[in-house]
Amino acid sequence: MDRKDFDKLIEKHQRQVINLAYRFLNNYFDAEEIAQEVFLKAYKALPQYEPRAKFSTYLYKITKNLCLNYLRRKKLVQFFSLDKSRSETDVRAPDFPDKKGIPSRNILEEKELKDKIYKALNKLPASQRTAIILKRYEDLSLDEIANVLGCSVNAVKSLLHRAKIRLRKELAPYLEKTQ
Amino acid sequence: MDKTWVLLEKWPSIDPSPDFRIRFWERVDGIGRQRRLILPAPLSRRLVPVLASIFIIILGIFIFVKPRVEQINLVDEINNIEFYQNMEVVQNLDLLNDMEFLMEQDEYNG
């Protein structure tokens, strides 16, 4: 496979990979960095790559592993750090201010809700979080999720079910608001 | 349950930056600037006070604990010297008795 072909693959999958990393990290720039790493790993591993599943599934697998490793390291660094104030809501993603440059009330509420969803997802165990992100945001089939997580379809169903119950509890106040 | 599913949708997707692929190929060619993901700059800056505290504690140990150890060693050394001196006196006790006897003899004769 030459550069042109791989470039086409990046073009095809970059959005999914960046968005998957973004759901894990809640940070636009870190998500882009992880996505760069994902494609670099895939590019370097191309000679050994054996297409057993979809290429996208392979990319999702790498993304999930890199994101979870990154979060573990970040937690470790934060543990030894004195300032814990910028831990979970350290969002540097481009927010969308209104035309005057002042974030409107709706946008602030949206940002708050987004942070709450992220925190609720972040409270889930890694496997439940991955399953729910892949299902809800990437619209993957149960088979594909099972492939990414390296477990059976039944296990994925169970993970999704437990994740939904926990999310419903965590997001209960917001569910009432949005009714 | 569906409401939770709908609520998750309120977190919108993002688009990749327009130069994403360009940056990727620059990185492949080794000319791309790589951000440090393990220790982002603000975090490494926050580690400075922690490292400084550890350095001060180690320095403190050297300044306050080491002289005490030296003091204890000095006391031991003095005790040892005194012990050997006493041993020497005990060992030479016979000689000392002889000397006292000779001195008494001298006084008696003289």
# chains A, B, ... in the order shown; residues from 1 in each chain; ligands from 1
>>> interface_residues(of="chain A", to="chain B", cutoff="9 Å", atoms="only C-alpha atoms", output="PyMOL selection string")
chain A and resi 3+7+10-11+14-15+18-19+22-23+28+30+32-34+36-37+39-40+43+70+73-74+77-78+80-83+110-111+113-115+117-118+136-137+164-165+167-168+171-172+174-175+178-179
>>> write_last_selection(atoms="N, CA and C atoms", output="compact mmCIF listing (two decimals), in the first residue's frame")
# COMPACT_ATOMS: atom_id res chain seq x y z
N ARG A 3 1.52 5.63 -0.19
CA ARG A 3 1.07 6.79 0.59
C ARG A 3 -0.32 7.27 0.18
N ASP A 7 -3.43 7.62 2.53
CA ASP A 7 -4.02 8.95 2.68
C ASP A 7 -5.54 8.89 2.51
N ILE A 10 -6.99 7.51 5.65
CA ILE A 10 -7.07 8.54 6.71
C ILE A 10 -8.30 9.41 6.47
N GLU A 11 -8.44 9.83 5.22
CA GLU A 11 -9.56 10.72 4.87
C GLU A 11 -10.90 10.06 5.24
N GLN A 14 -10.72 9.42 9.54
CA GLN A 14 -10.23 10.38 10.52
C GLN A 14 -11.34 10.91 11.44
N ARG A 15 -12.48 11.17 10.88
CA ARG A 15 -13.58 11.74 11.68
C ARG A 15 -14.01 10.78 12.80
N ILE A 18 -11.13 10.49 15.49
CA ILE A 18 -11.03 11.69 16.33
C ILE A 18 -12.22 11.77 17.28
N ASN A 19 -13.40 11.45 16.76
CA ASN A 19 -14.59 11.54 17.62
C ASN A 19 -14.57 10.49 18.73
N TYR A 22 -12.26 11.76 21.24
CA TYR A 22 -12.88 12.92 21.88
C TYR A 22 -13.87 12.50 22.98
N ARG A 23 -14.61 11.43 22.74
CA ARG A 23 -15.57 10.95 23.75
C ARG A 23 -14.84 10.41 24.98
N TYR A 28 -10.48 18.44 22.57
CA TYR A 28 -10.33 18.42 21.12
C TYR A 28 -8.88 18.18 20.69
N ASP A 30 -6.21 17.03 22.42
CA ASP A 30 -5.68 15.72 22.81
C ASP A 30 -6.27 14.63 21.91
N GLU A 32 -7.14 14.95 18.81
CA GLU A 32 -6.42 14.99 17.52
C GLU A 32 -5.04 14.35 17.63
N GLU A 33 -4.38 14.58 18.75
CA GLU A 33 -3.05 13.99 18.95
C GLU A 33 -3.13 12.47 19.01
N ILE A 34 -4.13 12.00 19.75
CA ILE A 34 -4.30 10.54 19.84
C ILE A 34 -4.61 9.98 18.45
N GLN A 36 -3.68 11.12 15.60
CA GLN A 36 -2.43 11.10 14.83
C GLN A 36 -1.61 9.84 15.20
N GLU A 37 -1.55 9.58 16.50
CA GLU A 37 -0.82 8.41 16.98
C GLU A 37 -1.43 7.11 16.44
N PHE A 39 -3.14 6.63 13.64
CA PHE A 39 -2.81 6.42 12.23
C PHE A 39 -1.32 6.09 12.04
N LEU A 40 -0.48 6.68 12.88
CA LEU A 40 0.95 6.38 12.81
C LEU A 40 1.22 4.91 13.16
N TYR A 43 -0.05 2.80 10.33
CA TYR A 43 0.83 2.93 9.16
C TYR A 43 2.10 2.09 9.33
N TYR A 70 -3.62 6.73 27.96
CA TYR A 70 -3.40 8.16 28.18
C TYR A 70 -4.11 8.62 29.46
N ARG A 73 -2.25 7.42 32.55
CA ARG A 73 -1.04 8.22 32.82
C ARG A 73 -1.41 9.60 33.36
N LYS A 74 -2.47 10.16 32.79
CA LYS A 74 -2.90 11.49 33.21
C LYS A 74 -3.34 11.47 34.68
N VAL A 77 -0.30 11.36 36.87
CA VAL A 77 0.35 12.67 36.95
C VAL A 77 -0.45 13.59 37.86
N GLN A 78 -1.77 13.55 37.72
CA GLN A 78 -2.62 14.41 38.55
C GLN A 78 -2.54 14.01 40.02
N PHE A 80 0.09 13.05 41.57
CA PHE A 80 1.30 13.64 42.13
C PHE A 80 1.33 15.15 42.03
N SER A 81 0.32 15.68 41.34
CA SER A 81 0.28 17.12 41.16
C SER A 81 -0.47 17.78 42.31
N LEU A 82 -0.10 19.04 42.63
CA LEU A 82 -0.75 19.73 43.75
C LEU A 82 -2.09 20.32 43.34
N ASP A 83 -2.17 20.80 42.09
CA ASP A 83 -3.37 21.49 41.63
C ASP A 83 -4.32 20.51 40.95
N GLU A 110 -25.40 24.10 27.12
CA GLU A 110 -24.98 22.96 26.29
C GLU A 110 -23.64 22.41 26.77
N LYS A 111 -22.72 23.37 27.07
CA LYS A 111 -21.38 22.99 27.53
C LYS A 111 -21.48 22.27 28.88
N LEU A 113 -24.04 20.64 30.04
CA LEU A 113 -24.65 19.31 29.82
C LEU A 113 -23.62 18.34 29.25
N LYS A 114 -22.82 18.86 28.30
CA LYS A 114 -21.78 18.04 27.67
C LYS A 114 -20.80 17.54 28.73
N ASP A 115 -20.40 18.46 29.63
CA ASP A 115 -19.47 18.08 30.71
C ASP A 115 -20.09 17.03 31.64
N ILE A 117 -22.41 14.86 30.82
CA ILE A 117 -22.45 13.57 30.10
C ILE A 117 -21.07 12.93 30.16
N TYR A 118 -20.03 13.76 29.93
CA TYR A 118 -18.67 13.22 29.95
C TYR A 118 -18.34 12.64 31.32
N ARG A 136 -23.43 4.19 20.94
CA ARG A 136 -24.25 5.40 20.85
C ARG A 136 -23.70 6.38 19.83
N TYR A 137 -22.39 6.60 19.86
CA TYR A 137 -21.83 7.66 19.02
C TYR A 137 -21.27 7.16 17.70
N LYS A 164 -26.24 1.55 30.71
CA LYS A 164 -27.45 2.39 30.58
C LYS A 164 -28.09 2.64 31.95
N ILE A 165 -28.13 1.61 32.77
CA ILE A 165 -28.73 1.77 34.11
C ILE A 165 -27.95 2.81 34.93
N LEU A 167 -25.96 5.16 33.79
CA LEU A 167 -26.08 6.49 33.19
C LEU A 167 -27.41 7.14 33.55
N ARG A 168 -28.47 6.32 33.56
CA ARG A 168 -29.79 6.86 33.89
C ARG A 168 -29.78 7.43 35.31
N LEU A 171 -27.51 10.70 35.30
CA LEU A 171 -28.05 11.84 34.54
C LEU A 171 -29.51 12.13 34.89
N ALA A 172 -29.99 11.55 35.95
CA ALA A 172 -31.41 11.71 36.32
C ALA A 172 -31.87 13.17 36.39
N TYR A 174 -30.85 15.72 34.83
CA TYR A 174 -30.89 16.31 33.49
C TYR A 174 -32.00 15.70 32.64
N LEU A 175 -32.34 14.47 32.95
CA LEU A 175 -33.44 13.83 32.22
C LEU A 175 -34.75 14.55 32.53
N THR A 178 -34.79 18.00 30.65
CA THR A 178 -34.98 17.96 29.21
C THR A 178 -36.37 17.47 28.79
N GLN A 179 -37.16 17.08 29.79
CA GLN A 179 -38.51 16.60 29.45
C GLN A 179 -39.42 17.72 28.98
>>> select_by_dssp(residues="chain B", states="alpha helix (DSSP H)", output="ChimeraX atom specification")
/B:2-8,20-28,41-60,66-91,93-109
>>> decode(residues="range 8-23 of chain B", atoms="all heavy atoms", output="mmCIF file, in the first residue's frame")
data_model
loop_
_atom_site.group_PDB
_atom_site.id
_atom_site.type_symbol
_atom_site.label_atom_id
_atom_site.label_comp_id
_atom_site.auth_asym_id
_atom_site.auth_seq_id
_atom_site.Cartn_x
_atom_site.Cartn_y
_atom_site.Cartn_z
ATOM 1 N N LEU B 8 -27.759 11.517 25.572
ATOM 2 C CA LEU B 8 -26.352 11.355 25.160
ATOM 3 C C LEU B 8 -26.072 12.051 23.819
ATOM 4 O O LEU B 8 -24.958 12.467 23.551
ATOM 5 C CB LEU B 8 -25.992 9.866 25.063
ATOM 6 C CG LEU B 8 -25.937 9.065 26.368
ATOM 7 C CD1 LEU B 8 -25.586 7.620 26.087
ATOM 8 C CD2 LEU B 8 -24.933 9.657 27.345
ATOM 9 N N GLU B 9 -27.122 12.171 23.047
ATOM 10 C CA GLU B 9 -26.993 12.810 21.734
ATOM 11 C C GLU B 9 -26.670 14.297 21.848
ATOM 12 O O GLU B 9 -26.190 14.918 20.896
ATOM 13 C CB GLU B 9 -28.305 12.625 20.962
ATOM 14 C CG GLU B 9 -28.134 12.612 19.464
ATOM 15 C CD GLU B 9 -29.460 12.371 18.780
ATOM 16 O OE1 GLU B 9 -30.398 13.145 19.026
ATOM 17 O OE2 GLU B 9 -29.569 11.392 18.017
ATOM 18 N N LYS B 10 -26.918 14.857 23.041
ATOM 19 C CA LYS B 10 -26.687 16.302 23.238
ATOM 20 C C LYS B 10 -25.200 16.644 23.250
ATOM 21 O O LYS B 10 -24.832 17.800 23.378
ATOM 22 C CB LYS B 10 -27.316 16.764 24.559
ATOM 23 C CG LYS B 10 -28.777 16.479 24.695
ATOM 24 C CD LYS B 10 -29.614 17.669 24.311
ATOM 25 C CE LYS B 10 -31.081 17.303 24.391
ATOM 26 N NZ LYS B 10 -31.952 18.352 23.908
ATOM 27 N N TRP B 11 -24.388 15.642 23.205
ATOM 28 C CA TRP B 11 -22.941 15.883 23.124
ATOM 29 C C TRP B 11 -22.550 15.764 21.643
ATOM 30 O O TRP B 11 -22.385 14.671 21.133
ATOM 31 C CB TRP B 11 -22.204 14.862 23.973
ATOM 32 C CG TRP B 11 -20.728 15.114 24.102
ATOM 33 C CD1 TRP B 11 -20.027 16.181 23.611
ATOM 34 C CD2 TRP B 11 -19.771 14.289 24.746
ATOM 35 N NE1 TRP B 11 -18.702 16.069 23.928
ATOM 36 C CE2 TRP B 11 -18.517 14.926 24.625
ATOM 37 C CE3 TRP B 11 -19.842 13.079 25.428
ATOM 38 C CZ2 TRP B 11 -17.355 14.382 25.152
ATOM 39 C CZ3 TRP B 11 -18.676 12.546 25.955
ATOM 40 C CH2 TRP B 11 -17.448 13.186 25.822
ATOM 41 N N PRO B 12 -22.412 16.905 20.970
ATOM 42 C CA PRO B 12 -22.216 16.856 19.520
ATOM 43 C C PRO B 12 -20.837 16.342 19.090
ATOM 44 O O PRO B 12 -19.884 16.383 19.854
ATOM 45 C CB PRO B 12 -22.389 18.318 19.093
ATOM 46 C CG PRO B 12 -22.132 19.116 20.309
ATOM 47 C CD PRO B 12 -22.411 18.263 21.496
ATOM 48 N N SER B 13 -20.783 15.886 17.867
ATOM 49 C CA SER B 13 -19.513 15.400 17.301
ATOM 50 C C SER B 13 -18.635 16.584 16.906
ATOM 51 O O SER B 13 -19.105 17.718 16.841
ATOM 52 C CB SER B 13 -19.779 14.552 16.064
ATOM 53 O OG SER B 13 -20.580 13.472 16.399
ATOM 54 N N ILE B 14 -17.375 16.283 16.625
ATOM 55 C CA ILE B 14 -16.450 17.337 16.184
ATOM 56 C C ILE B 14 -15.898 16.976 14.803
ATOM 57 O O ILE B 14 -15.980 15.816 14.386
ATOM 58 C CB ILE B 14 -15.276 17.530 17.174
ATOM 59 C CG1 ILE B 14 -14.579 16.181 17.454
ATOM 60 C CG2 ILE B 14 -15.758 18.162 18.459
ATOM 61 C CD1 ILE B 14 -13.257 16.298 18.159
ATOM 62 N N ASP B 15 -15.334 17.980 14.149
ATOM 63 C CA ASP B 15 -14.710 17.738 12.843
ATOM 64 C C ASP B 15 -13.196 17.800 12.979
ATOM 65 O O ASP B 15 -12.678 18.592 13.772
ATOM 66 C CB ASP B 15 -15.179 18.795 11.845
ATOM 67 C CG ASP B 15 -16.622 18.567 11.445
ATOM 68 O OD1 ASP B 15 -16.982 17.413 11.179
ATOM 69 O OD2 ASP B 15 -17.393 19.553 11.419
ATOM 70 N N PRO B 16 -12.494 16.990 12.210
ATOM 71 C CA PRO B 16 -11.025 17.075 12.263
ATOM 72 C C PRO B 16 -10.552 18.418 11.712
ATOM 73 O O PRO B 16 -11.236 19.018 10.880
ATOM 74 C CB PRO B 16 -10.557 15.939 11.353
ATOM 75 C CG PRO B 16 -11.765 15.234 10.873
ATOM 76 C CD PRO B 16 -12.970 16.019 11.237
ATOM 77 N N SER B 17 -9.394 18.867 12.182
ATOM 78 C CA SER B 17 -8.870 20.130 11.647
ATOM 79 C C SER B 17 -8.479 19.922 10.189
ATOM 80 O O SER B 17 -8.120 18.802 9.789
ATOM 81 C CB SER B 17 -7.678 20.605 12.478
ATOM 82 O OG SER B 17 -6.689 19.607 12.483
ATOM 83 N N PRO B 18 -8.540 20.994 9.384
ATOM 84 C CA PRO B 18 -8.295 20.826 7.940
ATOM 85 C C PRO B 18 -6.900 20.308 7.603
ATOM 86 O O PRO B 18 -6.706 19.673 6.567
ATOM 87 C CB PRO B 18 -8.485 22.244 7.379
ATOM 88 C CG PRO B 18 -9.107 23.048 8.467
ATOM 89 C CD PRO B 18 -8.869 22.373 9.750
ATOM 90 N N ASP B 19 -5.926 20.579 8.503
ATOM 91 C CA ASP B 19 -4.549 20.157 8.194
ATOM 92 C C ASP B 19 -4.188 18.820 8.859
ATOM 93 O O ASP B 19 -3.010 18.506 8.993
ATOM 94 C CB ASP B 19 -3.556 21.257 8.609
ATOM 95 C CG ASP B 19 -3.567 21.497 10.117
ATOM 96 O OD1 ASP B 19 -4.552 21.097 10.780
ATOM 97 O OD2 ASP B 19 -2.589 22.080 10.631
ATOM 98 N N PHE B 20 -5.197 18.070 9.257
ATOM 99 C CA PHE B 20 -4.926 16.820 9.988
ATOM 100 C C PHE B 20 -4.017 15.880 9.187
ATOM 101 O O PHE B 20 -3.024 15.364 9.697
ATOM 102 C CB PHE B 20 -6.242 16.117 10.333
ATOM 103 C CG PHE B 20 -6.038 14.853 11.135
ATOM 104 C CD1 PHE B 20 -5.841 14.896 12.502
ATOM 105 C CD2 PHE B 20 -6.023 13.602 10.513
ATOM 106 C CE1 PHE B 20 -5.643 13.731 13.250
ATOM 107 C CE2 PHE B 20 -5.824 12.439 11.250
ATOM 108 C CZ PHE B 20 -5.627 12.509 12.614
ATOM 109 N N ARG B 21 -4.350 15.685 7.901
ATOM 110 C CA ARG B 21 -3.569 14.734 7.091
ATOM 111 C C ARG B 21 -2.177 15.272 6.795
ATOM 112 O O ARG B 21 -1.197 14.526 6.766
ATOM 113 C CB ARG B 21 -4.322 14.415 5.800
ATOM 114 C CG ARG B 21 -5.418 13.367 6.036
ATOM 115 C CD ARG B 21 -6.109 13.008 4.752
ATOM 116 N NE ARG B 21 -6.803 14.162 4.203
ATOM 117 C CZ ARG B 21 -7.022 14.357 2.909
ATOM 118 N NH1 ARG B 21 -6.584 13.489 2.027
ATOM 119 N NH2 ARG B 21 -7.670 15.425 2.490
ATOM 120 N N ILE B 22 -2.103 16.584 6.582
ATOM 121 C CA ILE B 22 -0.792 17.199 6.299
ATOM 122 C C ILE B 22 0.134 16.977 7.502
ATOM 123 O O ILE B 22 1.295 16.584 7.355
ATOM 124 C CB ILE B 22 -0.943 18.721 6.013
ATOM 125 C CG1 ILE B 22 -1.796 18.923 4.766
ATOM 126 C CG2 ILE B 22 0.419 19.409 5.856
ATOM 127 C CD1 ILE B 22 -2.306 20.321 4.554
ATOM 128 N N ARG B 23 -0.431 17.229 8.698
ATOM 129 C CA ARG B 23 0.369 17.048 9.908
ATOM 130 C C ARG B 23 0.800 15.591 10.076
ATOM 131 O O ARG B 23 1.892 15.303 10.533
ATOM 132 C CB ARG B 23 -0.408 17.516 11.144
ATOM 133 C CG ARG B 23 -0.368 19.033 11.311
ATOM 134 C CD ARG B 23 -0.844 19.472 12.680
ATOM 135 N NE ARG B 23 -2.273 19.236 12.844
ATOM 136 C CZ ARG B 23 -2.792 18.567 13.854
ATOM 137 N NH1 ARG B 23 -2.021 18.057 14.770
ATOM 138 N NH2 ARG B 23 -4.095 18.389 13.944
#
